[in-house]
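Listing of final.csv, CSV, C-alpha atoms
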```csv
chain,number,residue,atom,x,y,z
A,160,MET,CA,-22.0,49.5,-38.9
A,161,MET,CA,-23.8,52.5,-37.6
A,162,THR,CA,-27.4,53.1,-38.5
A,163,GLY,CA,-30.4,55.4,-38.1
A,164,LYS,CA,-30.8,58.2,-35.7
A,165,SER,CA,-30.3,55.9,-32.6
A,166,GLU,CA,-26.9,54.9,-34.0
A,167,TYR,CA,-25.8,51.6,-32.7
A,168,THR,CA,-23.3,48.9,-33.9
A,169,LYS,CA,-25.2,46.0,-35.4
A,170,PHE,CA,-24.3,42.4,-34.8
A,171,THR,CA,-24.0,41.0,-38.3
A,172,LYS,CA,-24.3,37.5,-39.8
A,173,GLU,CA,-20.6,37.5,-40.4
A,174,MET,CA,-20.0,38.2,-36.7
A,175,LYS,CA,-21.9,35.1,-35.6
A,176,ARG,CA,-19.1,32.9,-36.9
A,177,ASP,CA,-16.3,34.0,-34.7
A,178,TYR,CA,-17.5,36.7,-32.2
A,179,THR,CA,-17.8,35.8,-28.5
A,180,ILE,CA,-21.0,37.1,-26.8
A,181,LEU,CA,-20.7,38.0,-23.1
A,182,VAL,CA,-23.9,37.5,-21.0
A,183,PRO,CA,-24.1,39.1,-17.6
A,184,THR,CA,-25.3,37.1,-14.6
A,185,MET,CA,-28.6,37.3,-12.7
A,186,LEU,CA,-30.0,33.8,-12.0
A,187,PRO,CA,-26.9,31.5,-11.9
A,188,ILE,CA,-28.7,28.2,-12.8
A,189,HIS,CA,-31.4,29.6,-15.1
A,190,PHE,CA,-29.1,31.9,-17.2
A,191,LYS,CA,-26.4,29.2,-17.6
A,192,LEU,CA,-29.0,26.8,-19.1
A,193,ILE,CA,-30.7,29.5,-21.2
A,194,SER,CA,-27.4,30.7,-22.6
A,195,ASN,CA,-26.6,27.2,-23.6
A,196,VAL,CA,-29.6,27.2,-25.9
A,197,LEU,CA,-27.9,30.0,-27.9
A,198,VAL,CA,-24.7,27.8,-28.0
A,199,SER,CA,-26.7,25.0,-29.6
A,200,TYR,CA,-27.7,27.4,-32.4
A,201,GLY,CA,-24.1,28.3,-33.2
A,202,TYR,CA,-23.5,31.3,-31.0
A,203,LYS,CA,-20.2,31.6,-29.0
A,204,ILE,CA,-21.6,32.4,-25.5
A,205,GLU,CA,-19.6,33.3,-22.4
A,206,PHE,CA,-21.7,33.4,-19.3
A,207,LEU,CA,-20.1,35.8,-16.7
A,208,GLU,CA,-20.2,34.4,-13.2
A,209,ALA,CA,-17.8,36.7,-11.4
A,210,THR,CA,-19.3,38.4,-8.4
A,211,ASP,CA,-16.2,39.8,-6.7
A,212,GLY,CA,-13.4,42.2,-7.7
A,213,ASP,CA,-14.0,45.8,-8.6
A,214,ILE,CA,-17.3,45.3,-10.5
A,215,LYS,CA,-19.0,48.1,-8.5
A,216,GLU,CA,-16.1,50.5,-8.9
A,217,SER,CA,-16.1,49.8,-12.7
A,218,GLY,CA,-19.8,50.6,-12.8
A,219,LEU,CA,-19.4,53.8,-10.8
A,220,LYS,CA,-16.6,54.9,-13.2
A,221,TYR,CA,-18.8,54.7,-16.3
A,222,VAL,CA,-22.3,55.1,-14.9
A,223,HIS,CA,-23.7,57.9,-12.9
A,224,ASN,CA,-24.2,56.9,-9.2
A,225,ASP,CA,-27.9,58.0,-9.3
A,226,THR,CA,-28.6,55.4,-12.0
A,227,CYS,CA,-30.4,52.2,-11.1
A,228,TYR,CA,-28.1,50.0,-9.1
A,229,PRO,CA,-28.6,46.8,-11.2
A,230,ALA,CA,-27.6,48.8,-14.3
A,231,LEU,CA,-24.4,49.9,-12.6
A,232,LEU,CA,-23.5,46.3,-11.6
A,233,VAL,CA,-24.4,44.8,-15.0
A,234,ILE,CA,-22.4,47.4,-16.9
A,235,GLY,CA,-19.5,47.1,-14.4
A,236,GLN,CA,-19.4,43.3,-14.8
A,237,LEU,CA,-19.4,43.6,-18.6
A,238,ILE,CA,-16.6,46.2,-18.7
A,239,ASN,CA,-14.6,44.2,-16.2
A,240,ALA,CA,-14.8,41.2,-18.5
A,241,ILE,CA,-13.7,43.3,-21.5
A,242,ASN,CA,-10.7,44.6,-19.5
A,243,SER,CA,-9.7,41.2,-18.2
A,244,GLY,CA,-7.6,40.4,-21.3
A,245,ARG,CA,-9.3,37.1,-21.8
A,246,TYR,CA,-11.1,38.2,-25.0
A,247,ASP,CA,-10.2,39.7,-28.4
A,248,LYS,CA,-11.8,43.1,-28.1
A,249,ASP,CA,-12.3,43.2,-31.9
A,250,LYS,CA,-14.3,40.0,-31.9
A,251,LEU,CA,-16.5,40.6,-28.9
A,252,ALA,CA,-20.2,41.4,-28.5
A,253,LEU,CA,-22.4,41.9,-25.4
A,254,LEU,CA,-26.0,40.7,-24.8
A,255,ILE,CA,-28.4,42.5,-22.5
A,256,THR,CA,-32.2,42.1,-22.0
A,257,GLN,CA,-34.5,45.0,-22.9
A,258,THR,CA,-38.2,44.9,-21.7
A,259,GLY,CA,-39.5,48.0,-23.4
A,260,GLY,CA,-41.7,48.8,-20.3
A,261,GLY,CA,-41.7,51.8,-18.0
A,262,CYS,CA,-38.9,50.5,-15.8
A,263,ARG,CA,-35.4,52.1,-16.2
A,264,ALA,CA,-34.2,48.6,-17.2
A,265,SER,CA,-35.4,49.5,-20.7
A,266,ASN,CA,-32.6,52.1,-20.9
A,267,TYR,CA,-29.8,49.8,-19.7
A,268,ILE,CA,-28.8,49.1,-23.2
A,269,TYR,CA,-28.3,52.9,-24.0
A,270,LEU,CA,-26.4,53.4,-20.7
A,271,LEU,CA,-24.2,50.4,-21.6
A,272,ARG,CA,-23.4,51.8,-25.1
A,273,LYS,CA,-22.6,55.2,-23.6
A,274,ALA,CA,-20.3,53.5,-21.1
A,275,LEU,CA,-18.6,51.5,-23.8
A,276,LYS,CA,-17.9,54.6,-25.8
A,277,LYS,CA,-16.5,56.4,-22.8
A,278,ALA,CA,-14.2,53.4,-22.1
A,279,GLY,CA,-13.0,53.3,-25.7
A,280,TYR,CA,-15.0,50.3,-26.8
A,281,GLY,CA,-17.7,52.0,-28.9
A,282,HIS,CA,-17.1,49.5,-31.7
A,283,ILE,CA,-18.4,46.5,-29.6
A,284,PRO,CA,-21.9,45.6,-30.6
A,285,VAL,CA,-24.6,45.4,-27.9
A,286,ILE,CA,-27.4,42.9,-28.7
A,287,SER,CA,-30.8,43.6,-27.4
A,288,LEU,CA,-32.6,40.4,-26.1
A,289,ASN,CA,-36.2,41.3,-26.4
A,290,LEU,CA,-39.5,39.9,-27.7
A,291,GLY,CA,-40.8,43.1,-29.2
A,292,GLY,CA,-38.4,43.6,-32.2
A,293,MET,CA,-37.1,46.8,-30.7
A,294,GLU,CA,-33.7,46.6,-32.5
A,295,ASP,CA,-32.4,44.9,-35.6
A,296,HIS,CA,-29.4,42.7,-35.5
A,297,PRO,CA,-29.1,40.6,-38.6
A,298,GLY,CA,-26.8,38.0,-36.9
A,299,PHE,CA,-29.0,37.4,-33.9
A,300,LYS,CA,-32.5,36.2,-34.1
A,301,LEU,CA,-34.8,34.6,-31.5
A,302,THR,CA,-36.9,31.9,-33.1
A,303,PRO,CA,-39.9,30.0,-31.7
A,304,PRO,CA,-37.9,26.8,-31.3
A,305,MET,CA,-35.3,28.7,-29.3
A,306,LEU,CA,-37.9,30.3,-27.0
A,307,TYR,CA,-39.5,26.8,-26.5
A,308,LYS,CA,-36.2,25.4,-25.3
A,309,MET,CA,-35.5,28.5,-23.1
A,310,MET,CA,-38.9,28.0,-21.5
A,311,TYR,CA,-38.0,24.5,-20.3
A,312,CYS,CA,-34.6,25.8,-19.1
A,313,ALA,CA,-36.4,28.3,-16.9
A,314,PHE,CA,-38.7,25.6,-15.5
A,315,TYR,CA,-35.6,23.4,-14.8
A,316,GLY,CA,-34.0,26.4,-13.1
A,317,ASP,CA,-37.1,27.1,-10.9
A,318,LEU,CA,-37.4,23.5,-9.8
A,319,MET,CA,-33.7,23.2,-8.8
A,320,MET,CA,-33.6,26.6,-7.1
A,321,LEU,CA,-36.8,25.7,-5.1
A,322,MET,CA,-35.6,22.3,-4.0
A,323,ALA,CA,-32.0,23.4,-3.3
A,324,ASN,CA,-33.1,26.2,-1.1
A,325,GLN,CA,-35.1,23.7,1.0
A,326,CYS,CA,-32.2,21.2,1.2
A,327,ARG,CA,-29.2,23.4,2.0
A,328,PRO,CA,-30.3,24.2,5.6
A,329,TYR,CA,-30.7,20.5,6.5
A,330,GLU,CA,-27.9,18.8,4.5
A,331,GLU,CA,-25.8,16.4,6.5
A,332,THR,CA,-22.6,16.9,4.4
A,333,PRO,CA,-21.9,20.6,3.8
A,334,GLY,CA,-21.9,21.5,0.1
A,335,GLU,CA,-23.7,18.3,-1.1
A,336,THR,CA,-26.7,20.4,-2.3
A,337,ASP,CA,-24.5,22.7,-4.3
A,338,ALA,CA,-22.7,19.7,-5.7
A,339,LEU,CA,-26.0,18.2,-6.8
A,340,VAL,CA,-27.0,21.5,-8.5
A,341,ARG,CA,-23.7,21.6,-10.4
A,342,ARG,CA,-24.1,17.9,-11.4
A,343,TRP,CA,-27.6,18.4,-12.8
A,344,THR,CA,-26.7,21.7,-14.5
A,345,GLU,CA,-23.8,20.0,-16.3
A,346,ARG,CA,-26.0,17.1,-17.2
A,347,LEU,CA,-28.7,19.4,-18.7
A,348,LEU,CA,-26.1,21.5,-20.5
A,349,GLU,CA,-24.9,18.3,-22.2
A,350,GLU,CA,-28.4,16.8,-22.8
A,351,ASN,CA,-30.0,19.9,-24.2
A,352,ARG,CA,-27.7,19.9,-27.2
A,353,ASP,CA,-29.8,17.2,-28.6
A,354,PRO,CA,-33.3,18.6,-29.6
A,355,ARG,CA,-34.9,15.3,-28.8
A,356,ASN,CA,-34.1,15.9,-25.1
A,357,MET,CA,-36.2,19.1,-25.1
A,358,ARG,CA,-39.4,17.1,-25.8
A,359,TYR,CA,-41.9,17.4,-23.0
A,360,LYS,CA,-42.0,13.7,-22.3
A,361,HIS,CA,-38.2,13.7,-21.6
A,362,VAL,CA,-38.4,17.0,-19.6
A,363,LYS,CA,-41.1,15.5,-17.3
A,364,LYS,CA,-38.9,12.5,-16.8
A,365,ASN,CA,-36.0,14.8,-15.8
A,366,TYR,CA,-38.3,16.6,-13.3
A,367,ARG,CA,-38.8,13.4,-11.5
A,368,LEU,CA,-35.1,12.4,-11.5
A,369,ILE,CA,-34.1,15.9,-10.3
A,370,ALA,CA,-36.7,15.8,-7.5
A,371,ASP,CA,-35.6,12.2,-6.5
A,372,ASP,CA,-32.0,13.4,-6.0
A,373,PHE,CA,-33.0,16.4,-3.9
A,374,ALA,CA,-35.4,14.3,-1.9
A,375,ALA,CA,-32.6,11.9,-1.0
A,376,ILE,CA,-30.7,14.9,0.6
A,377,LEU,CA,-33.7,16.2,2.5
A,378,GLY,CA,-35.0,12.7,3.5
A,379,ASP,CA,-37.4,12.8,6.4
A,380,LYS,CA,-35.7,15.5,8.3
A,381,GLN,CA,-37.8,17.8,10.4
A,382,ARG,CA,-37.8,21.3,8.7
A,383,ASP,CA,-37.8,23.3,11.9
A,384,LYS,CA,-35.7,26.4,10.9
A,385,VAL,CA,-37.2,29.9,10.6
A,386,LYS,CA,-38.2,30.5,7.0
A,387,VAL,CA,-37.4,33.9,5.4
A,388,GLY,CA,-38.9,34.9,2.0
A,389,ILE,CA,-37.1,37.1,-0.5
A,390,VAL,CA,-39.0,39.4,-2.8
A,391,GLY,CA,-38.2,42.6,-4.6
A,392,GLU,CA,-36.8,44.0,-7.8
A,393,ILE,CA,-35.9,41.1,-10.1
A,394,TYR,CA,-32.1,41.7,-10.2
A,395,VAL,CA,-31.4,42.3,-6.5
A,396,LYS,CA,-33.9,39.6,-5.6
A,397,PHE,CA,-32.1,36.8,-7.6
A,398,SER,CA,-28.5,38.0,-8.2
A,399,PRO,CA,-25.9,37.2,-5.6
A,400,LEU,CA,-23.9,40.1,-7.0
A,401,GLY,CA,-26.9,42.4,-6.6
A,402,ASN,CA,-27.9,41.4,-3.0
A,403,ASN,CA,-24.5,40.8,-1.5
A,404,ASN,CA,-25.0,37.0,-1.4
A,405,LEU,CA,-28.2,37.3,0.6
A,406,GLU,CA,-29.1,33.6,0.5
A,407,SER,CA,-25.7,32.6,1.7
A,408,PHE,CA,-25.9,35.1,4.6
A,409,LEU,CA,-29.3,33.7,5.6
A,410,LEU,CA,-28.0,30.2,5.6
A,411,LYS,CA,-25.1,31.2,7.9
A,412,GLU,CA,-27.7,32.7,10.2
A,413,GLY,CA,-29.4,29.3,10.4
A,414,VAL,CA,-32.6,30.1,8.5
A,415,GLU,CA,-34.2,28.7,5.4
A,416,PRO,CA,-34.5,31.1,2.4
A,417,VAL,CA,-37.7,31.0,0.3
A,418,VAL,CA,-37.5,32.6,-3.1
A,419,PRO,CA,-40.5,32.7,-5.6
A,420,GLY,CA,-39.5,31.5,-9.0
A,421,PHE,CA,-38.5,33.2,-12.2
A,422,ILE,CA,-41.4,31.8,-14.1
A,423,ASP,CA,-43.7,33.8,-11.8
A,424,PHE,CA,-42.1,37.0,-13.3
A,425,CYS,CA,-42.6,35.6,-16.8
A,426,LEU,CA,-46.3,34.9,-16.1
A,427,TYR,CA,-46.7,38.4,-14.6
A,428,CYS,CA,-45.3,40.0,-17.8
A,429,VAL,CA,-47.6,37.8,-20.0
A,430,TYR,CA,-50.6,38.5,-17.8
A,431,ASN,CA,-50.1,42.3,-18.2
A,432,GLY,CA,-50.9,41.9,-21.9
A,433,ILE,CA,-54.4,40.7,-20.8
A,434,VAL,CA,-54.6,43.6,-18.2
A,435,ASP,CA,-54.0,46.2,-21.0
A,436,TYR,CA,-57.1,45.0,-22.8
A,437,ASP,CA,-59.3,44.5,-19.8
A,438,LEU,CA,-58.6,48.0,-18.4
A,439,TYR,CA,-58.0,50.1,-21.5
A,440,HIS,CA,-59.5,48.0,-24.4
A,441,ILE,CA,-56.2,48.3,-26.3
A,442,ARG,CA,-54.1,45.7,-28.1
A,443,GLY,CA,-56.8,43.1,-28.5
A,444,LEU,CA,-54.7,40.8,-30.6
A,445,LYS,CA,-51.9,40.9,-28.1
A,446,ALA,CA,-54.3,40.2,-25.3
A,447,PHE,CA,-55.6,37.1,-27.2
A,448,GLY,CA,-52.0,35.8,-27.6
A,449,SER,CA,-51.2,36.7,-24.0
A,450,LYS,CA,-54.2,34.7,-22.7
A,451,PHE,CA,-53.1,31.6,-24.7
A,452,LEU,CA,-49.5,31.9,-23.5
A,453,TYR,CA,-50.5,32.6,-19.9
A,454,ASN,CA,-52.7,29.4,-19.8
A,455,TYR,CA,-50.0,27.4,-21.5
A,456,LEU,CA,-47.3,28.4,-19.0
A,457,LEU,CA,-49.6,28.0,-16.1
A,458,LYS,CA,-50.4,24.5,-17.1
A,459,LYS,CA,-46.6,23.7,-17.3
A,460,GLN,CA,-46.1,25.2,-13.8
A,461,ARG,CA,-49.1,23.3,-12.4
A,462,TYR,CA,-47.6,20.0,-13.6
A,463,ILE,CA,-44.5,20.6,-11.4
A,464,ARG,CA,-46.6,21.8,-8.5
A,465,THR,CA,-48.8,18.7,-8.6
A,466,MET,CA,-45.8,16.4,-9.1
A,467,MET,CA,-44.3,17.8,-5.9
A,468,GLN,CA,-47.5,17.7,-3.9
A,469,GLU,CA,-48.2,14.0,-4.8
A,470,ASN,CA,-44.8,12.6,-4.7
A,471,TYR,CA,-42.6,14.8,-2.5
A,472,PRO,CA,-44.6,16.0,0.5
A,473,CYS,CA,-41.5,16.8,2.4
A,474,PHE,CA,-41.0,19.8,0.1
A,475,MET,CA,-43.1,23.0,-0.1
A,476,PRO,CA,-44.1,23.2,-3.8
A,477,MET,CA,-44.0,26.3,-5.9
A,478,ALA,CA,-47.2,28.4,-5.6
A,479,ASP,CA,-49.9,28.4,-8.2
A,480,PHE,CA,-49.5,31.7,-10.0
A,481,ASP,CA,-53.2,32.1,-10.7
A,482,GLU,CA,-53.8,32.0,-7.0
A,483,THR,CA,-50.9,34.4,-6.4
A,484,ARG,CA,-52.2,37.1,-8.7
A,485,ARG,CA,-55.7,36.9,-7.1
A,486,ARG,CA,-54.2,37.7,-3.7
A,487,VAL,CA,-53.7,41.3,-4.6
A,488,TYR,CA,-57.4,42.1,-4.9
A,489,GLY,CA,-58.2,44.6,-2.1
A,490,TYR,CA,-54.6,45.6,-1.8
A,491,ILE,CA,-53.3,47.1,-5.0
A,492,GLY,CA,-54.7,47.7,-8.5
A,493,ILE,CA,-53.8,45.1,-11.2
A,494,GLY,CA,-52.9,48.0,-13.5
A,495,THR,CA,-49.9,48.8,-11.3
A,496,LYS,CA,-47.3,47.2,-13.5
A,497,MET,CA,-44.3,49.4,-13.8
A,498,GLY,CA,-41.2,47.4,-12.8
A,499,GLU,CA,-42.3,44.4,-10.7
A,500,GLY,CA,-45.6,46.3,-9.9
A,501,TRP,CA,-48.4,44.2,-8.4
A,502,LEU,CA,-46.3,41.1,-8.5
A,503,LEU,CA,-44.2,42.4,-5.6
A,504,THR,CA,-47.2,42.8,-3.4
A,505,ALA,CA,-48.6,39.4,-4.6
A,506,GLU,CA,-45.4,37.6,-3.7
A,507,MET,CA,-45.4,39.0,-0.2
A,508,LEU,CA,-49.0,37.9,0.2
A,509,GLU,CA,-48.2,34.5,-1.3
A,510,LEU,CA,-45.4,33.9,1.2
A,511,ALA,CA,-47.6,35.0,4.1
A,512,GLY,CA,-50.4,32.7,2.9
A,513,GLU,CA,-48.0,29.8,2.9
A,514,GLY,CA,-46.8,30.4,6.4
A,515,VAL,CA,-43.6,32.3,5.5
A,516,ASN,CA,-44.2,35.3,7.7
A,517,ASN,CA,-40.7,36.7,7.7
A,518,ILE,CA,-40.0,38.6,4.4
A,519,ILE,CA,-37.1,40.6,3.1
A,520,CYS,CA,-38.1,43.1,0.4
A,521,THR,CA,-35.0,43.9,-1.6
A,522,GLN,CA,-34.9,47.0,-3.8
A,523,PRO,CA,-32.4,49.2,-5.5
A,524,PHE,CA,-32.3,52.6,-3.8
A,525,GLY,CA,-34.5,55.1,-5.7
A,526,CYS,CA,-36.5,52.4,-7.6
A,527,LEU,CA,-39.8,54.3,-7.5
A,528,PRO,CA,-42.1,51.4,-8.7
A,529,ASN,CA,-40.6,49.0,-6.1
A,530,HIS,CA,-40.8,51.6,-3.3
A,531,ILE,CA,-44.5,52.0,-4.0
A,532,ALA,CA,-45.5,48.3,-4.7
A,533,GLY,CA,-43.0,47.0,-2.1
A,534,LYS,CA,-42.2,49.3,0.8
A,535,GLY,CA,-45.5,51.2,0.2
A,536,MET,CA,-47.6,48.1,0.7
A,537,MET,CA,-45.9,46.8,3.8
A,538,LYS,CA,-48.3,48.6,6.2
A,539,PRO,CA,-51.6,47.4,4.6
A,540,ILE,CA,-50.1,43.8,4.4
A,541,LYS,CA,-49.2,43.9,8.1
A,542,GLU,CA,-52.5,45.3,9.1
A,543,LYS,CA,-54.5,42.6,7.3
A,544,ASN,CA,-52.0,39.8,8.1
A,545,PRO,CA,-51.1,40.0,11.8
A,546,GLY,CA,-47.7,38.4,12.6
A,547,VAL,CA,-46.2,39.1,9.2
A,548,ASN,CA,-42.6,40.5,9.7
A,549,ILE,CA,-41.3,42.5,6.7
A,550,VAL,CA,-38.1,44.5,6.4
A,551,ALA,CA,-37.2,46.6,3.3
A,552,ILE,CA,-33.5,46.5,2.4
A,553,ASP,CA,-32.0,49.1,0.0
A,554,TYR,CA,-29.1,48.1,-2.3
A,555,ASP,CA,-27.0,50.8,-3.8
A,556,PRO,CA,-23.3,51.7,-4.3
A,557,GLY,CA,-23.1,53.5,-0.9
A,558,ALA,CA,-24.9,50.9,1.2
A,559,THR,CA,-22.5,48.7,3.3
A,560,ALA,CA,-23.1,45.0,3.6
A,561,ILE,CA,-22.7,45.2,7.4
A,562,ASN,CA,-25.6,47.8,7.6
A,563,GLN,CA,-27.8,45.6,5.5
A,564,GLU,CA,-26.9,42.5,7.5
A,565,ASN,CA,-27.5,44.2,10.9
A,566,ARG,CA,-31.0,45.2,9.8
A,567,ILE,CA,-31.7,41.6,8.7
A,568,LYS,CA,-30.4,40.3,12.0
A,569,LEU,CA,-32.8,42.6,13.9
A,570,MET,CA,-35.6,41.2,11.8
A,571,LEU,CA,-34.5,37.6,12.5
A,572,SER,CA,-34.3,38.3,16.3
A,573,ASN,CA,-38.0,39.4,16.1
A,574,ALA,CA,-38.8,36.3,14.1
A,575,ARG,CA,-37.3,34.0,16.6
A,576,ARG,CA,-39.1,35.7,19.5
```
As a first step, turn the structure in this file into structure tokens.
Amino acid sequence: MMTGKSEYTKFTKEMKRDYTILVPTMLPIHFKLISNVLVSYGYKIEFLEATDGDIKESGLKYVHNDTCYPALLVIGQLINAINSGRYDKDKLALLITQTGGGCRASNYIYLLRKALKKAGYGHIPVISLNLGGMEDHPGFKLTPPMLYKMMYCAFYGDLMMLMANQCRPYEETPGETDALVRRWTERLLEENRDPRNMRYKHVKKNYRLIADDFAAILGDKQRDKVKVGIVGEIYVKFSPLGNNNLESFLLKEGVEPVVPGFIDFCLYCVYNGIVDYDLYHIRGLKAFGSKFLYNYLLKKQRYIRTMMQENYPCFMPMADFDETRRRVYGYIGIGTKMGEGWLLTAEMLELAGEGVNNIICTQPFGCLPNHIAGKGMMKPIKEKNPGVNIVAIDYDPGATAINQENRIKLMLSNARR
């Protein structure tokens, strides 16, 4: 069904019964759990985990090479899946997030539709996952109960990602941390099919059980490895496909990767609704709702932080986001909110404040907001925080992994000195 002057194929109620929806990867733990929420509401979801093959080449074939690198990879991954022969192309839909902000990510959906048309798949509907009602798909609706469950999936993901990163460098049996992540992910996928298991009382119980299992791996080992923080544009920061398996590379180099959580990005987006009113006196009703949601999410995050501080002192807990956002005062304006905006600066300062002085700033080549709020802020951060060691790494179709890794090795040699 084509509609309106934007002309896109809608995902209808009839399609929900037997269409498979492909979801591209970014955060392996988080997205798998979040996708499973859609499964519990009757959608047939296939979460794409492939990070090898000719994904980049497929992206370059259907997307201009000056386009944002994450868009190229996401589109390449989706087209590769369509061409794999595993799916009925006449009963297939794609799902992609759409922020609606000033970042080029808001246009990924149009680039994807253009690429599909070029590849001969213009009939495949592309569902926009957004909170602003930017597109109408009668067969796909996000409801408050769904968002509530997705929220806890994101918190589960942050907790497991945080603790796993601190266990992997010190595990006695290689692979036991990843095995634990898989075991808990499968358990949560099964548990979360029952709505009763998404009640906060049960979620808090699971937090403790998860933390207990990871604490058993870390034990009382001395955490003496060099810590390296990873910040940057959200896709290349989190996605192994986007950053050439950066965390795995750092582990091979004998260091401990430290990655701020996904919930921090969510809090940043929500807080920007408050900023709009404070700076420009616009969208007062949205600001009221944003303030309520911000405090609600912050309270949930602080529960996990306090739980870790009181019961698992061997782990470095997640940062308090309200403290993180305040760190940017005197560095960058809070109105700088295109892309990752002030959050990128805030996370570098957060890491430095917690003693993680070695930082990799990942960014897609040509991503102007991140070059300003990331690379552009490196000098003032270093000047005011002596000893901080930051390297900016660009990721694009023409960048070789060996060049990126050599630059990181040089940074690590300075860190060890």
(request) Please identify all polymer residues within 10 Å of Lys175 (chain A), counting only C-alpha atoms, omitting same-chain residues fewer than 3 positions from it, and present them as a list of chain:residue names. (result)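 Residues near the query, excluding close chain neighbours: A:Phe170, A:Thr171, A:Lys172, A:Tyr178, A:Thr179, A:Ile180, A:Gly201, A:Tyr202, A:Lys203, A:Lys250, A:Ala252, A:Pro297, A:Gly298, A:Phe299.
Among the candidates A:Gly212, A:His440, A:Asn289, A:Tyr311, the residue lying nearest to Lys459 (chain A) is A:Tyr311 (atoms considered: all atoms listed in the file).
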(request) Excluding Ile188 (chain A) and residues on its chain fewer than 4 positions from it, collect all residues at most 12 Å away from it, counting all atoms listed in the file, and give them as a VMD selection string. (result) chain A and resid 184 192 to 195 206 208 312 to 321 323 337 339 to 345 347 to 348 397 to 399 420 to 421
Could those selected residues go to a file with C-alpha atoms, as a PDB file, in the coordinates of the input?
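Generated output (selection28.pdb):
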```
ATOM      1  CA  THR A 184     -25.300  37.100 -14.600  1.00  0.00           C
ATOM      2  CA  LEU A 192     -29.000  26.800 -19.100  1.00  0.00           C
ATOM      3  CA  ILE A 193     -30.700  29.500 -21.200  1.00  0.00           C
ATOM      4  CA  SER A 194     -27.400  30.700 -22.600  1.00  0.00           C
ATOM      5  CA  ASN A 195     -26.600  27.200 -23.600  1.00  0.00           C
ATOM      6  CA  PHE A 206     -21.700  33.400 -19.300  1.00  0.00           C
ATOM      7  CA  GLU A 208     -20.200  34.400 -13.200  1.00  0.00           C
ATOM      8  CA  CYS A 312     -34.600  25.800 -19.100  1.00  0.00           C
ATOM      9  CA  ALA A 313     -36.400  28.300 -16.900  1.00  0.00           C
ATOM     10  CA  PHE A 314     -38.700  25.600 -15.500  1.00  0.00           C
ATOM     11  CA  TYR A 315     -35.600  23.400 -14.800  1.00  0.00           C
ATOM     12  CA  GLY A 316     -34.000  26.400 -13.100  1.00  0.00           C
ATOM     13  CA  ASP A 317     -37.100  27.100 -10.900  1.00  0.00           C
ATOM     14  CA  LEU A 318     -37.400  23.500  -9.800  1.00  0.00           C
ATOM     15  CA  MET A 319     -33.700  23.200  -8.800  1.00  0.00           C
ATOM     16  CA  MET A 320     -33.600  26.600  -7.100  1.00  0.00           C
ATOM     17  CA  LEU A 321     -36.800  25.700  -5.100  1.00  0.00           C
ATOM     18  CA  ALA A 323     -32.000  23.400  -3.300  1.00  0.00           C
ATOM     19  CA  ASP A 337     -24.500  22.700  -4.300  1.00  0.00           C
ATOM     20  CA  LEU A 339     -26.000  18.200  -6.800  1.00  0.00           C
ATOM     21  CA  VAL A 340     -27.000  21.500  -8.500  1.00  0.00           C
ATOM     22  CA  ARG A 341     -23.700  21.600 -10.400  1.00  0.00           C
ATOM     23  CA  ARG A 342     -24.100  17.900 -11.400  1.00  0.00           C
ATOM     24  CA  TRP A 343     -27.600  18.400 -12.800  1.00  0.00           C
ATOM     25  CA  THR A 344     -26.700  21.700 -14.500  1.00  0.00           C
ATOM     26  CA  GLU A 345     -23.800  20.000 -16.300  1.00  0.00           C
ATOM     27  CA  LEU A 347     -28.700  19.400 -18.700  1.00  0.00           C
ATOM     28  CA  LEU A 348     -26.100  21.500 -20.500  1.00  0.00           C
ATOM     29  CA  PHE A 397     -32.100  36.800  -7.600  1.00  0.00           C
ATOM     30  CA  SER A 398     -28.500  38.000  -8.200  1.00  0.00           C
ATOM     31  CA  PRO A 399     -25.900  37.200  -5.600  1.00  0.00           C
ATOM     32  CA  GLY A 420     -39.500  31.500  -9.000  1.00  0.00           C
ATOM     33  CA  PHE A 421     -38.500  33.200 -12.200  1.00  0.00           C
TER      34      PHE A 421
END
```
(message) Would you pick out the contacts of Gly443 (chain A) at 12 Å or less, using all atoms listed in the file, so that residues sharing its chain but fewer than 6 positions from it are not included, and give the list as a PyMOL selection string?
(response) chain A and resi 432-437+449-450
Emit the selected residues as a PDB file, keeping the file's coordinate frame, including C-alpha atoms.
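Once written, result-v7.pdb looks like this:
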```
ATOM      1  CA  GLY A 432     -50.900  41.900 -21.900  1.00  0.00           C
ATOM      2  CA  ILE A 433     -54.400  40.700 -20.800  1.00  0.00           C
ATOM      3  CA  VAL A 434     -54.600  43.600 -18.200  1.00  0.00           C
ATOM      4  CA  ASP A 435     -54.000  46.200 -21.000  1.00  0.00           C
ATOM      5  CA  TYR A 436     -57.100  45.000 -22.800  1.00  0.00           C
ATOM      6  CA  ASP A 437     -59.300  44.500 -19.800  1.00  0.00           C
ATOM      7  CA  SER A 449     -51.200  36.700 -24.000  1.00  0.00           C
ATOM      8  CA  LYS A 450     -54.200  34.700 -22.700  1.00  0.00           C
TER       9      LYS A 450
END
```
(message) I'd like the neighbourhood of Ile531 (chain A) as an NGL selection string, where a residue qualifies if any of its atoms comes within 10 Å (using all atoms listed in the file), though same-chain residues fewer than 3 positions away should be ignored.
(response) :A and (495 or 500-501 or 503-504 or 526-528 or 534-537)
(message) Would you pick out the contacts of Leu232 (chain A) at 9 Å or less, using all atoms listed in the file, so that residues sharing its chain but fewer than 6 positions from it are not included, and give the list as an MDAnalysis selection string?
(response) chainID A and resid 214:219 400:401
(message) Please compute the CA of Met477 (chain A)-CA of Phe408 (chain A) distance, one decimal, in Å.
(response)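 One can read the CA of Met477 (chain A) to CA of Phe408 (chain A) distance as 22.7 Å.
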